[in-house]
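*Asks:* So here's coords-v6.txt, just compact mmCIF, C-alpha atoms:
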```txt
# COMPACT_ATOMS: atom_id res chain seq x y z
CA MET A 105 -34.82 77.78 76.93
CA ALA A 106 -36.23 74.94 79.04
CA LYS A 107 -39.09 72.86 77.66
CA LEU A 108 -41.62 73.37 80.43
CA LYS A 109 -45.10 71.85 80.30
CA LEU A 110 -46.74 75.06 81.52
CA GLY A 111 -47.29 78.15 79.47
CA PRO A 112 -48.40 81.60 80.60
CA ILE A 113 -50.51 81.64 83.76
CA ALA A 114 -54.04 82.96 83.17
CA ASP A 115 -55.26 85.66 85.51
CA ASP A 116 -58.55 84.09 86.60
CA LYS A 117 -60.81 84.66 89.59
CA PRO A 118 -59.56 82.23 92.24
CA VAL A 119 -61.43 79.99 94.65
CA LYS A 120 -59.78 79.87 98.04
CA VAL A 121 -58.39 76.48 99.05
CA THR A 122 -56.15 75.79 102.01
CA LEU A 123 -53.57 73.04 101.86
CA GLU A 124 -50.19 72.16 103.27
CA LEU A 125 -47.24 71.48 101.00
CA PRO A 126 -44.02 69.77 101.94
CA ALA A 127 -41.17 72.29 102.07
CA SER A 128 -39.35 70.44 99.30
CA LEU A 129 -42.37 70.78 96.98
CA HIS A 130 -42.60 74.50 97.72
CA ARG A 131 -38.90 74.87 96.88
CA ASP A 132 -39.51 73.05 93.60
CA LEU A 133 -42.49 75.31 92.82
CA THR A 134 -40.33 78.35 93.52
CA ALA A 135 -37.59 77.06 91.22
CA TYR A 136 -40.15 76.24 88.52
CA ALA A 137 -41.63 79.74 88.80
CA GLU A 138 -38.17 81.28 88.43
CA ILE A 139 -37.44 79.20 85.31
CA LEU A 140 -40.89 79.91 83.87
CA GLY A 141 -40.41 83.62 84.45
CA ARG A 142 -36.93 83.62 82.93
CA ASP A 143 -37.87 81.56 79.87
CA GLY A 144 -41.38 82.95 79.33
CA GLY A 145 -40.68 86.59 79.97
CA GLN A 146 -43.22 86.80 82.77
CA SER A 147 -42.84 86.74 86.50
CA VAL A 148 -44.89 84.57 88.80
CA ALA A 149 -44.88 86.50 92.07
CA ASP A 150 -46.35 83.62 94.07
CA PRO A 151 -45.15 80.15 93.06
CA VAL A 152 -48.29 78.67 94.63
CA ARG A 153 -50.15 80.09 91.59
CA LEU A 154 -48.51 77.31 89.58
CA ILE A 155 -50.50 74.60 91.36
CA VAL A 156 -53.76 75.16 89.46
CA PRO A 157 -52.28 75.13 85.94
CA MET A 158 -50.14 72.13 86.87
CA LEU A 159 -53.19 70.21 88.09
CA GLU A 160 -55.16 71.24 85.00
CA ARG A 161 -52.35 70.08 82.74
CA PHE A 162 -51.98 66.83 84.66
CA MET A 163 -55.69 66.02 84.42
CA ALA A 164 -55.90 67.07 80.77
CA THR A 165 -53.12 64.63 79.85
CA ASP A 166 -54.11 61.72 82.12
CA ARG A 167 -55.51 59.07 79.80
CA GLY A 168 -57.01 57.02 82.61
CA PHE A 169 -58.91 60.03 83.86
CA ALA A 170 -60.13 60.83 80.34
CA LYS A 171 -61.39 57.26 79.88
CA ALA A 172 -63.15 57.34 83.25
CA ARG A 173 -64.85 60.63 82.38
CA ARG A 174 -66.11 59.14 79.14
CA GLY A 175 -67.78 56.42 81.19
CA LYS A 176 -65.41 53.56 80.53
CA SER A 177 -64.95 51.21 83.46
CA ASP A 178 -61.57 49.82 82.36
CA LEU A 179 -58.89 52.29 83.47
CA ARG A 180 -55.94 50.31 82.05
```
Would you kindly transcribe this structure into structure tokens?
*Replies:*
Amino acid sequence: MAKLKLGPIADDKPVKVTLELPASLHRDLTAYAEILGRDGGQSVADPVRLIVPMLERFMATDRGFAKARRGKSDLR
């Protein structure tokens, strides 16, 4: 079993956003979705659905972002 940073994908009401992804990033999202589905016992029909939880995880673990949100001016 791979140690992926994402867990199960919540089924939440989406907000529509349009963006362009490089083809290589889309291939990586597809591969990640396949591994997540295989290891987690769930299928992710659309790998683009991984973008939101990945961004949430990234922001939740970004210490500089957390400091900035708390009002600190030093982002080091």
*Asks:* From the list A:Asp132, A:Gly168, A:Gly144, A:Arg153, which residue is nearest Lys120 (chain A) when using all atoms listed in the file?
*Replies:*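 Of all the options, A:Arg153 lies closest to Lys120 (chain A).
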*Asks:* Using all atoms listed in the file, pick whichever of A:Leu123, A:Pro157, A:Gly175, A:Pro112 has the shortest atom-to-atom distance to Arg142 (chain A).
*Replies:*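 For Arg142 (chain A), the nearest of the candidates is A:Pro112.
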*Asks:* From the options A:Ala137, A:Ala164, A:Ile155, A:Val148, which residue's atoms come nearest to Pro118 (chain A), counting all atoms listed in the file?
*Replies:* A:Ile155
*Asks:* So which one's closest to Phe162 (chain A), A:Lys117, A:His130, A:Lys109, A:Arg174? Using all atoms listed in the file, please.
*Replies:* A:Lys109
*Asks:* Provide the CA of Ile113 (chain A) to CA of Val152 (chain A) distance in Å, to one decimal place.
*Replies:*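 Distance between the two atoms: 11.5 Å.
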*Asks:* Between CA of Arg173 (chain A) and CA of Thr122 (chain A), what is the spacing in Å?
*Replies:*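 CA of Arg173 (chain A) lies at a distance of 26.3 Å from CA of Thr122 (chain A).
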*Asks:* So, counting all atoms listed in the file, which residue among A:Asp143, A:Leu129, A:Thr134, A:Val156 is closest to Asp116 (chain A)?
*Replies:*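 Smallest separation from Asp116 (chain A) among the options: A:Val156.
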*Asks:* One decimal, Å: what's the distance from CA of Pro151 (chain A) over to CA of Ala135 (chain A), could you say?
*Replies:* 8.4 Å
*Asks:* Taking all atoms listed in the file into account, name the residue in A:Met163, A:Ala172, A:Val119, A:Leu154 that is nearest to Leu133 (chain A).
*Replies:*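 Checking each candidate against Leu133 (chain A), we get A:Leu154 as the closest.
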*Asks:* Could you rebuild region 126-138 of chain A with N, CA and C atoms and give me the result as a PDB file, keeping the file's coordinate frame?
*Replies:*
```pdb
ATOM      1  N   PRO A 126     -45.343  70.036 101.379  1.00  0.00           N
ATOM      2  CA  PRO A 126     -44.020  69.770 101.940  1.00  0.00           C
ATOM      3  C   PRO A 126     -43.067  70.895 101.511  1.00  0.00           C
ATOM      4  N   ALA A 127     -42.121  71.220 102.367  1.00  0.00           N
ATOM      5  CA  ALA A 127     -41.170  72.290 102.070  1.00  0.00           C
ATOM      6  C   ALA A 127     -40.422  72.019 100.769  1.00  0.00           C
ATOM      7  N   SER A 128     -40.091  70.769 100.520  1.00  0.00           N
ATOM      8  CA  SER A 128     -39.350  70.440  99.300  1.00  0.00           C
ATOM      9  C   SER A 128     -40.193  70.729  98.053  1.00  0.00           C
ATOM     10  N   LEU A 129     -41.504  70.483  98.114  1.00  0.00           N
ATOM     11  CA  LEU A 129     -42.370  70.780  96.980  1.00  0.00           C
ATOM     12  C   LEU A 129     -42.475  72.292  96.765  1.00  0.00           C
ATOM     13  N   HIS A 130     -42.548  73.044  97.843  1.00  0.00           N
ATOM     14  CA  HIS A 130     -42.600  74.500  97.720  1.00  0.00           C
ATOM     15  C   HIS A 130     -41.301  75.024  97.103  1.00  0.00           C
ATOM     16  N   ARG A 131     -40.167  74.463  97.494  1.00  0.00           N
ATOM     17  CA  ARG A 131     -38.900  74.870  96.880  1.00  0.00           C
ATOM     18  C   ARG A 131     -38.896  74.564  95.388  1.00  0.00           C
ATOM     19  N   ASP A 132     -39.431  73.398  95.021  1.00  0.00           N
ATOM     20  CA  ASP A 132     -39.510  73.050  93.600  1.00  0.00           C
ATOM     21  C   ASP A 132     -40.447  73.986  92.848  1.00  0.00           C
ATOM     22  N   LEU A 133     -41.573  74.351  93.449  1.00  0.00           N
ATOM     23  CA  LEU A 133     -42.490  75.310  92.820  1.00  0.00           C
ATOM     24  C   LEU A 133     -41.817  76.656  92.615  1.00  0.00           C
ATOM     25  N   THR A 134     -41.050  77.078  93.609  1.00  0.00           N
ATOM     26  CA  THR A 134     -40.330  78.350  93.520  1.00  0.00           C
ATOM     27  C   THR A 134     -39.309  78.302  92.386  1.00  0.00           C
ATOM     28  N   ALA A 135     -38.574  77.206  92.289  1.00  0.00           N
ATOM     29  CA  ALA A 135     -37.590  77.060  91.220  1.00  0.00           C
ATOM     30  C   ALA A 135     -38.279  77.027  89.861  1.00  0.00           C
ATOM     31  N   TYR A 136     -39.399  76.318  89.776  1.00  0.00           N
ATOM     32  CA  TYR A 136     -40.150  76.240  88.520  1.00  0.00           C
ATOM     33  C   TYR A 136     -40.630  77.639  88.113  1.00  0.00           C
ATOM     34  N   ALA A 137     -41.146  78.390  89.083  1.00  0.00           N
ATOM     35  CA  ALA A 137     -41.630  79.740  88.800  1.00  0.00           C
ATOM     36  C   ALA A 137     -40.500  80.630  88.296  1.00  0.00           C
ATOM     37  N   GLU A 138     -39.316  80.480  88.868  1.00  0.00           N
ATOM     38  CA  GLU A 138     -38.170  81.280  88.430  1.00  0.00           C
ATOM     39  C   GLU A 138     -37.796  80.930  86.987  1.00  0.00           C
TER      40      GLU A 138
END
```
